[in-house]
4 protein chains.
Amino acid sequence: MDEFDIETVGDGDPNLDDPTLVEGLPGVGHVGKLAAEHLLEEFDADLVARLYSEHFPPQVTVEDGRSQLACVEFHAIPEADLLVLTGDHQAQDNAGHYRLTDRVLDVAEDHGVERTFALGGVPTGELIEEYNVIGAASTDDLVAELDDVEFREDEPAGGIVGVSGLLLGLGERRGIPTACLMGETSGYLVDPKSARAVLEVLQEVVGFEVGYDSLEDRAEEMEEVVKKIQEMEQGQGGAPSDDDLRYFG
Amino acid sequence: MDEFDIETVGDGDPNLDDPTLVEGLPGVGHVGKLAAEHLLEEFDADLVARLYSEHFPPQVTVEDGRSQLACVEFHAIPEADLLVLTGDHQAQDNAGHYRLTDRVLDVAEDHGVERTFALGGVPTGELIEEYNVIGAASTDDLVAELDDVEFREDEPAGGIVGVSGLLLGLGERRGIPTACLMGETSGYLVDPKSARAVLEVLQEVVGFEVGYDSLEDRAEEMEEVVKKIQEMEQGQGGAPSDDDLRYFG
Amino acid sequence: MDEFDIETVGDGDPNLDDPTLVEGLPGVGHVGKLAAEHLLEEFDADLVARLYSEHFPPQVTVEDGRSQLACVEFHAIPEADLLVLTGDHQAQDNAGHYRLTDRVLDVAEDHGVERTFALGGVPTGELIEEYNVIGAASTDDLVAELDDVEFREDEPAGGIVGVSGLLLGLGERRGIPTACLMGETSGYLVDPKSARAVLEVLQEVVGFEVGYDSLEDRAEEMEEVVKKIQEMEQGQGGAPSDDDLRYFG
Amino acid sequence: MDEFDIETVGDGDPNLDDPTLVEGLPGVGHVGKLAAEHLLEEFDADLVARLYSEHFPPQVTVEDGRSQLACVEFHAIPEADLLVLTGDHQAQDNAGHYRLTDRVLDVAEDHGVERTFALGGVPTGELIEEYNVIGAASTDDLVAELDDVEFREDEPAGGIVGVSGLLLGLGERRGIPTACLMGETSGYLVDPKSARAVLEVLQEVVGFEVGYDSLEDRAEEMEEVVKKIQEMEQGQGGAPSDDDLRYFG
């Protein structure tokens with residue numbers, strides 16, 4: 001395998017016009033990943049490419065006995081003219097983040113991507129009442145266009161790291177207007193409500209319609225889990241079942 | 001030395017037909033390593049190649065004063081048509097795991113390897129009563145063939161890492177059917193019984209006969225060690241001798 | 001993006017004669033960074049180049065919603081014939097430090113730099129009464145010339161690391177006379193007074209005039225912060241406000 | 001600078017016949033470094049080359065204000081037909097150890113080196129009464145020749161790491177007979193007595209004469225330091241002075 005290896009799936013021509021790239025890799029509260037995967041569930045999505053890399057963990061995942069080498073995947077959603085990047089991994093080293101993002105942008109350009117939205121979460125350290133979405137963008141035009149998003153003077157304080165951050169930084173250098181939409185989230189739990197808040201901004205600006213029933217179901221499951229934990233902490237509940245706990249990862 | 005350096009031993013033509021690659025490098029409970037080394041002891045095995053790499057630790061081992069540079073070794077077992085990969089080292093970095101596995105597969109292809117079994121252990125965190133063997137495979141055919149192996153919905157939970165995992169992932173990409181056989185083991189001790197369980201599955205599917213006396217002897221030695229430790233913990237025994245303790249590494 | 005990527009800003013010809021390179025990247029007490037940024041504030045400074053690298057953190061900073069990819073910047077100050085290197089990042093790995101410094105020296109040579117001053121702090125572990133400046137230089141001539149600087153037998157004990165150290169080491173190998181000016185500082189706080197001490201040496205040896213009002217203002221703000229912390233520790237004061245705390249970073 | 005950069009000092013022809021390479025880089029108890037530096041002090045030694053590398057720390061050392069980029073140095077001792085490798089640094093990463101050792105062997109071959117002795121210490125964890133020297137060698141002939149050295153079944157248990165280990169491993173691959181001489185040492189302190197024990201073996205096998213007065217002086221200084229520490233621990237002494245403490249590094 002080379003440093004990066006792109007495996008095209010299907011005919012490599014997924015019927016997109018001038019698509020928007022949507023990125024949702026693992027991160028704070030899995031907000032971006034939940035949001036991007038929700039799009040894949042709600043729309044007809046076609047797997048168009050897998051991207052392998054020696055910058056990913058040296059690992060296969062196993063499901064029902066079948067192995068799958070660590071990768072990220074591109075799906076096309078022709079109905080909404082979206083190219084969606086999802087996966088379970090980020091690069092494991094600095095240079096790997098830069099080079100992975102460059103390869104992602106190569107694929108994006110091959111599909112004629114005209115702009116990019118990187119989805120993620122921003123940790124607040126406390127339980128969220130109202131799910132604001134914080135933004136960052138590589139062009140003034142995008143800042144102006146995103147009027148449902150809060151642009152704050154010094155936030156996020158530590159900047160934006162990983163693929164989301166570099167899609168802004170390297171996308172700008174290639175002339176691809178890019179915004180990062182970050183849902184506020186406690187940072188402690190997988191947060192489907194924050195993912196919904198991010199998607200509501202995205203659907204407005206990109207222009208598509210999507211339902212949220214399954215995200216709401218997951219949010220309710222999470223609330224059950226949180227309730228059980230609170231009960232346990234108060235000495236009233238039993239240990240959470242394995243089934244509960246898998247929502248934390 | 002280059003990034004990888006393959007030293008052919010003997011005439012490089014080890015009288016194999018369409019061999020099976022068996023990998024047993026260090027890992028959980030040293031299950032894979034014990035199993036693969038047991039094959040080398042029980043059969044007539046010919047050393048055919050050493051693979052050196054700057055991804056291994058910068059280290060020589062010393063035995064009776066003679067040094068040996070860190071490497072992994074390939075042995076041929078013509079009687080069972082096996083090519084066996086053993087050694088004391090895994091790569092020390094992410095890219096190294098990918099590249100080492102690629103070189104291993106190069107050697108395997110040079111010898112006409114038709115399929116691969118990666119041997120290892122899966123930690124359970126508790127002492128094992130019945131030694132199950134968990135499986136993962138790169139093809140549905142192998143899943144179907146391995147009927148003595150348990151394929152579980154979400155196990156191993158963290159996937160399979162290192163050379164064993166990548167033999168599945170990269171082997172699949174090269175079209176070499178690959179399975180990983182993982183013996184359950186506590187994860188705390190070198191586990192010859194788990195190695196036997198793995199070998200029993202392997203001999204069935206590959207088709208060879210092997211005795212287990214020496215593994216049983218080692219298993220009994222381990223049980224003595226465990227007993228002494230338990231006595232020590234109960235304040236009844238003396239400190240374990242050096243000779244006891246070497247079984248833990 | 002390549003390993004390094006230099007983006008020229010403006011016409012790339014910043015009206016310098018035989019300039020002095022001044023480096024002020026993050027380090028102990030942010031002394032070098034404060035000093036170099038003070039020059040940019042006090043003089044008319046023109047941004048001439050940005051240097052991006054995969055050895056920097058995979059990160060964008062965000063200000064009022066606009067993203068900026070991690071980089072270091074070169075500014076020209078024609079009035080004082082200075083080329084000033086500033087930024088928020090050092091390289092994140094050993095080889096990166098060497099290669100980044102080599103690229104910095106490439107840019108310096110492109111602009112005809114004749115000598116280099118690397119600015120920084122040296123931690124003393126205690127609050128400073130008198131701000132001495134410790135020196136190190138790559139040539140005996142520079143040692144002789146810097147008579148306001150203390151050259152000590154075994155200091156700094158651990159040598160000088162990062163870009164400052166390598167500007168000395170790699171600059172010497174290219175024949176660019178280089179000195180490092182290190183202001184004593186406690187090591188616990190951002191230290192504008194130490195930055196002033198360093199600049200006073202620099203203006204003497206390079207030959208320019210600069211005011212220190214804004215550094216003095218920052219020094220007073222820092223003293224307020226220190227006072228509040230001391231009060232808090234004595235149980236007399238309230239928690240410092242966010243506005244106070246940002247002076248610590 | 002390239003990954004490695006060799007700076008020849010003088011005319012590059014240091015009047016050696018078929019020299020022995022002696023390596024003494026930092027390690028356990030600084031035994032190898034002390035021993036190699038003692039040779040440079042006792043004989044007329046000519047600096048013949050400096051080897052720089054981006055695998056060394058990104059650092060200059062400073063002495064009386066003059067900077068020196070991190071490097072290792074080769075000295076020739078024509079009187080004893082030795083090429084001596086010393087320095088303050090080892091490589092900082094795995095591949096760096098391999099590549100640095102390869103470059104060292106390139107230099108050695110350029111000077112016609114016929115065999116190599118890597119000097120070092122082996123930690124025992126307790127104060128040493130009798131200073132044994134443990135050996136490891138890349139050829140049976142060298143094992144046979146080194147009759148003042150102990151070759152033990154399983155020692156050193158962890159093998160030999162770093163440049164010393166790789167001089168054995170990579171030297172063997174190039175056909176340069178190599179031995180490692182390891183003086184027993186507590187592992188807690190710089191140990192001039194262990195360095196003397198190693199040198200006494202070396203002078204016997206290589207065939208040279210050297211005095212040990214200065215090593216004995218350092219050993220006595222170390223004993224003073226140890227005594228003071230013991231007194232301090234018993235609550236009878238004052239804090240050690242800075243001058244005492246520098247012997248620990």
# chains A, B, ... in the order shown; residues from 1 in each chain; ligands from 1
>>> select_by_dssp(residues="segment 77-174 of chain C", states="alpha helix (DSSP H)", output="VMD selection string")
chain C and resid 94 to 110 140 to 145 162 to 174
>>> write_last_selection(atoms="C-alpha atoms", output="PDB file, in the first residue's frame")
ATOM      1  CA  ASN C  94      12.844  17.090  15.876  1.00  0.00           C
ATOM      2  CA  ALA C  95      13.417  16.914  12.161  1.00  0.00           C
ATOM      3  CA  GLY C  96      10.786  19.623  11.739  1.00  0.00           C
ATOM      4  CA  HIS C  97      12.826  22.041  13.839  1.00  0.00           C
ATOM      5  CA  TYR C  98      15.871  21.458  11.649  1.00  0.00           C
ATOM      6  CA  ARG C  99      13.971  21.710   8.394  1.00  0.00           C
ATOM      7  CA  LEU C 100      11.902  24.729   9.451  1.00  0.00           C
ATOM      8  CA  THR C 101      15.057  26.579  10.467  1.00  0.00           C
ATOM      9  CA  ASP C 102      16.640  25.709   7.126  1.00  0.00           C
ATOM     10  CA  ARG C 103      13.630  27.161   5.293  1.00  0.00           C
ATOM     11  CA  VAL C 104      13.747  30.280   7.476  1.00  0.00           C
ATOM     12  CA  LEU C 105      17.411  30.707   6.564  1.00  0.00           C
ATOM     13  CA  ASP C 106      16.533  30.241   2.878  1.00  0.00           C
ATOM     14  CA  VAL C 107      14.081  33.139   3.126  1.00  0.00           C
ATOM     15  CA  ALA C 108      16.653  35.150   5.070  1.00  0.00           C
ATOM     16  CA  GLU C 109      19.297  34.598   2.407  1.00  0.00           C
ATOM     17  CA  ASP C 110      16.799  35.539  -0.316  1.00  0.00           C
ATOM     18  CA  ASP C 140      33.835  35.259  18.550  1.00  0.00           C
ATOM     19  CA  ASP C 141      33.299  38.630  16.892  1.00  0.00           C
ATOM     20  CA  LEU C 142      29.680  38.717  17.986  1.00  0.00           C
ATOM     21  CA  VAL C 143      30.626  37.689  21.506  1.00  0.00           C
ATOM     22  CA  ALA C 144      33.081  40.596  21.580  1.00  0.00           C
ATOM     23  CA  GLU C 145      30.574  43.065  20.133  1.00  0.00           C
ATOM     24  CA  GLY C 162      14.137  24.948  18.951  1.00  0.00           C
ATOM     25  CA  VAL C 163      14.404  27.505  16.188  1.00  0.00           C
ATOM     26  CA  SER C 164      16.454  29.923  18.311  1.00  0.00           C
ATOM     27  CA  GLY C 165      19.096  27.291  18.969  1.00  0.00           C
ATOM     28  CA  LEU C 166      19.161  26.069  15.383  1.00  0.00           C
ATOM     29  CA  LEU C 167      19.447  29.598  13.974  1.00  0.00           C
ATOM     30  CA  LEU C 168      22.774  29.656  15.825  1.00  0.00           C
ATOM     31  CA  GLY C 169      23.787  26.142  14.773  1.00  0.00           C
ATOM     32  CA  LEU C 170      22.589  26.113  11.174  1.00  0.00           C
ATOM     33  CA  GLY C 171      23.320  29.834  10.704  1.00  0.00           C
ATOM     34  CA  GLU C 172      26.931  29.191  11.647  1.00  0.00           C
ATOM     35  CA  ARG C 173      27.140  26.398   9.087  1.00  0.00           C
ATOM     36  CA  ARG C 174      25.910  28.857   6.409  1.00  0.00           C
TER      37      ARG C 174
END
>>> select_by_dssp(residues="segment 47-167 of chain D", states="strand (DSSP E)", output="PyMOL selection string")
chain D and resi 47-53+59-63+66-69+72-77+82-87+115-123+133-137+160-161
>>> residues_around(residues="Cys71 of chain C", least_positions_apart="3", cutoff="9 Å", atoms="only C-alpha atoms", output="list of chain:residue names")
C:Arg50, C:Leu51, C:Tyr52, C:Ser53, C:Phe56, C:Gln68, C:Gly87, C:Asp88, C:His89
>>> closest_atom_pairs(of="chain A", to="chain B", cutoff="9 Å", atoms="only C-alpha atoms", output="JSON lines")
{"residue": "A:Met1", "atom": "CA", "partner": "B:Asp102", "partner_atom": "CA", "distance": 6.9}
{"residue": "A:Asp2", "atom": "CA", "partner": "B:Arg99", "partner_atom": "CA", "distance": 8.7}
{"residue": "A:Glu3", "atom": "CA", "partner": "B:Ala95", "partner_atom": "CA", "distance": 8.2}
{"residue": "A:Ser53", "atom": "CA", "partner": "B:Ala95", "partner_atom": "CA", "distance": 8.6}
{"residue": "A:Glu54", "atom": "CA", "partner": "B:Ala95", "partner_atom": "CA", "distance": 4.9}
{"residue": "A:His55", "atom": "CA", "partner": "B:Ala95", "partner_atom": "CA", "distance": 6.3}
{"residue": "A:Phe56", "atom": "CA", "partner": "B:Asn94", "partner_atom": "CA", "distance": 7.4}
{"residue": "A:Pro57", "atom": "CA", "partner": "B:Asn94", "partner_atom": "CA", "distance": 6.2}
{"residue": "A:Pro58", "atom": "CA", "partner": "B:Gly162", "partner_atom": "CA", "distance": 5.5}
{"residue": "A:Gln59", "atom": "CA", "partner": "B:Val161", "partner_atom": "CA", "distance": 4.3}
{"residue": "A:Val60", "atom": "CA", "partner": "B:Gly165", "partner_atom": "CA", "distance": 5.4}
{"residue": "A:Thr61", "atom": "CA", "partner": "B:Gly159", "partner_atom": "CA", "distance": 4.2}
{"residue": "A:Val62", "atom": "CA", "partner": "B:Gly159", "partner_atom": "CA", "distance": 5.6}
{"residue": "A:Glu63", "atom": "CA", "partner": "B:Asp154", "partner_atom": "CA", "distance": 5.6}
{"residue": "A:Asp64", "atom": "CA", "partner": "B:Glu153", "partner_atom": "CA", "distance": 4.3}
{"residue": "A:Gly65", "atom": "CA", "partner": "B:Ala136", "partner_atom": "CA", "distance": 4.3}
{"residue": "A:Arg66", "atom": "CA", "partner": "B:Ala137", "partner_atom": "CA", "distance": 5.1}
{"residue": "A:Ser67", "atom": "CA", "partner": "B:Ser138", "partner_atom": "CA", "distance": 5.4}
{"residue": "A:Gln68", "atom": "CA", "partner": "B:Gly169", "partner_atom": "CA", "distance": 6.2}
{"residue": "A:Leu69", "atom": "CA", "partner": "B:Gly169", "partner_atom": "CA", "distance": 4.5}
{"residue": "A:Ala70", "atom": "CA", "partner": "B:Gly169", "partner_atom": "CA", "distance": 7.9}
{"residue": "A:Gln92", "atom": "CA", "partner": "B:Asn94", "partner_atom": "CA", "distance": 7.9}
>>> write_last_selection(atoms="N, CA and C atoms", output="compact mmCIF listing (two decimals), in the first residue's frame")
# COMPACT_ATOMS: atom_id res chain seq x y z
N MET A 1 0.84 -1.20 0.00
CA MET A 1 0.00 0.00 0.00
C MET A 1 0.88 1.25 0.00
N ASP A 2 0.46 2.27 -0.70
CA ASP A 2 1.19 3.53 -0.65
C ASP A 2 0.79 4.30 0.60
N GLU A 3 1.37 5.49 0.74
CA GLU A 3 1.04 6.32 1.91
C GLU A 3 -0.48 6.56 1.96
N SER A 53 -4.92 4.73 4.48
CA SER A 53 -3.67 5.46 4.71
C SER A 53 -2.86 4.83 5.82
N GLU A 54 -1.55 4.86 5.65
CA GLU A 54 -0.66 4.40 6.73
C GLU A 54 -0.62 5.41 7.87
N HIS A 55 -1.30 6.56 7.72
CA HIS A 55 -1.44 7.49 8.83
C HIS A 55 -2.62 7.14 9.72
N PHE A 56 -3.46 6.20 9.30
CA PHE A 56 -4.53 5.73 10.18
C PHE A 56 -3.96 4.69 11.14
N PRO A 57 -4.69 4.34 12.20
CA PRO A 57 -4.21 3.28 13.07
C PRO A 57 -4.02 1.99 12.28
N PRO A 58 -3.02 1.18 12.65
CA PRO A 58 -2.76 -0.08 11.96
C PRO A 58 -3.77 -1.12 12.44
N GLN A 59 -4.93 -1.12 11.86
CA GLN A 59 -6.07 -1.75 12.51
C GLN A 59 -7.14 -2.15 11.50
N VAL A 60 -7.79 -3.28 11.77
CA VAL A 60 -9.06 -3.57 11.10
C VAL A 60 -10.17 -3.52 12.14
N THR A 61 -11.35 -3.10 11.74
CA THR A 61 -12.53 -3.31 12.56
C THR A 61 -13.14 -4.64 12.14
N VAL A 62 -13.91 -5.24 13.04
CA VAL A 62 -14.50 -6.55 12.76
C VAL A 62 -15.99 -6.47 13.07
N GLU A 63 -16.81 -6.89 12.12
CA GLU A 63 -18.25 -6.92 12.35
C GLU A 63 -18.77 -8.27 11.88
N ASP A 64 -19.36 -9.02 12.81
CA ASP A 64 -19.84 -10.36 12.49
C ASP A 64 -18.74 -11.18 11.81
N GLY A 65 -17.50 -10.99 12.26
CA GLY A 65 -16.42 -11.83 11.78
C GLY A 65 -15.70 -11.31 10.55
N ARG A 66 -16.29 -10.35 9.84
CA ARG A 66 -15.65 -9.84 8.64
C ARG A 66 -14.82 -8.59 8.97
N SER A 67 -13.61 -8.57 8.47
CA SER A 67 -12.70 -7.48 8.78
C SER A 67 -12.82 -6.36 7.76
N GLN A 68 -12.54 -5.15 8.21
CA GLN A 68 -12.52 -3.98 7.31
C GLN A 68 -11.33 -3.13 7.71
N LEU A 69 -10.41 -2.93 6.77
CA LEU A 69 -9.22 -2.12 7.02
C LEU A 69 -9.63 -0.67 7.32
N ALA A 70 -8.93 -0.07 8.29
CA ALA A 70 -9.18 1.33 8.65
C ALA A 70 -9.21 2.21 7.41
N GLN A 92 -3.08 9.92 12.65
CA GLN A 92 -2.49 9.74 13.97
C GLN A 92 -1.25 10.60 14.19
>>> residues_around(residues="Val48 of chain C", least_positions_apart="6", cutoff="12 Å", atoms="only C-alpha atoms", output="MDAnalysis selection string")
chainID C and resid 6:16 72:78 82:86 107:108 110:111
>>> residues_around(residues="Glu204 of chain D", least_positions_apart="4", cutoff="12 Å", atoms="only C-alpha atoms", output="list in words")
Ala80, Glu145, Leu146, Asp147, Asp148, Val149, Ala197, Val198, Leu199, Glu200, Phe208, Glu209 and Val210 of chain D
>>> write_last_selection(atoms="N, CA and C atoms", output="PDB file, in the first residue's frame")
ATOM      1  N   ALA D  80      47.659   4.782  19.017  1.00  0.00           N
ATOM      2  CA  ALA D  80      47.038   3.490  19.340  1.00  0.00           C
ATOM      3  C   ALA D  80      46.199   2.953  18.191  1.00  0.00           C
ATOM      4  N   GLU D 145      38.213 -14.480  21.811  1.00  0.00           N
ATOM      5  CA  GLU D 145      39.370 -13.627  22.100  1.00  0.00           C
ATOM      6  C   GLU D 145      39.218 -12.859  23.416  1.00  0.00           C
ATOM      7  N   LEU D 146      37.993 -12.513  23.765  1.00  0.00           N
ATOM      8  CA  LEU D 146      37.761 -11.628  24.913  1.00  0.00           C
ATOM      9  C   LEU D 146      37.678 -12.445  26.196  1.00  0.00           C
ATOM     10  N   ASP D 147      38.833 -12.966  26.666  1.00  0.00           N
ATOM     11  CA  ASP D 147      38.758 -13.872  27.810  1.00  0.00           C
ATOM     12  C   ASP D 147      38.681 -13.154  29.145  1.00  0.00           C
ATOM     13  N   ASP D 148      38.869 -11.833  29.172  1.00  0.00           N
ATOM     14  CA  ASP D 148      38.685 -11.104  30.437  1.00  0.00           C
ATOM     15  C   ASP D 148      37.237 -10.634  30.619  1.00  0.00           C
ATOM     16  N   VAL D 149      36.417 -10.992  29.692  1.00  0.00           N
ATOM     17  CA  VAL D 149      35.054 -10.486  29.677  1.00  0.00           C
ATOM     18  C   VAL D 149      34.113 -11.620  30.023  1.00  0.00           C
ATOM     19  N   ALA D 197      37.283  -0.021  34.363  1.00  0.00           N
ATOM     20  CA  ALA D 197      37.221  -1.471  34.157  1.00  0.00           C
ATOM     21  C   ALA D 197      37.072  -1.801  32.674  1.00  0.00           C
ATOM     22  N   VAL D 198      36.243  -1.038  31.998  1.00  0.00           N
ATOM     23  CA  VAL D 198      36.029  -1.258  30.566  1.00  0.00           C
ATOM     24  C   VAL D 198      37.309  -0.969  29.784  1.00  0.00           C
ATOM     25  N   LEU D 199      37.981   0.118  30.145  1.00  0.00           N
ATOM     26  CA  LEU D 199      39.210   0.475  29.426  1.00  0.00           C
ATOM     27  C   LEU D 199      40.314  -0.549  29.657  1.00  0.00           C
ATOM     28  N   GLU D 200      40.347  -1.123  30.842  1.00  0.00           N
ATOM     29  CA  GLU D 200      41.379  -2.131  31.101  1.00  0.00           C
ATOM     30  C   GLU D 200      41.195  -3.353  30.211  1.00  0.00           C
ATOM     31  N   PHE D 208      47.229  -1.247  23.944  1.00  0.00           N
ATOM     32  CA  PHE D 208      47.805   0.092  24.173  1.00  0.00           C
ATOM     33  C   PHE D 208      47.993   0.251  25.677  1.00  0.00           C
ATOM     34  N   GLU D 209      48.708   1.297  26.053  1.00  0.00           N
ATOM     35  CA  GLU D 209      48.948   1.598  27.466  1.00  0.00           C
ATOM     36  C   GLU D 209      48.340   2.950  27.800  1.00  0.00           C
ATOM     37  N   VAL D 210      47.640   3.032  28.907  1.00  0.00           N
ATOM     38  CA  VAL D 210      47.039   4.310  29.278  1.00  0.00           C
ATOM     39  C   VAL D 210      47.027   4.410  30.799  1.00  0.00           C
TER      40      VAL D 210
END
>>> atom_distance(atom1="atom CA of Pro192 of chain C", atom2="atom CA of Arg115 of chain C")
24.8 Å
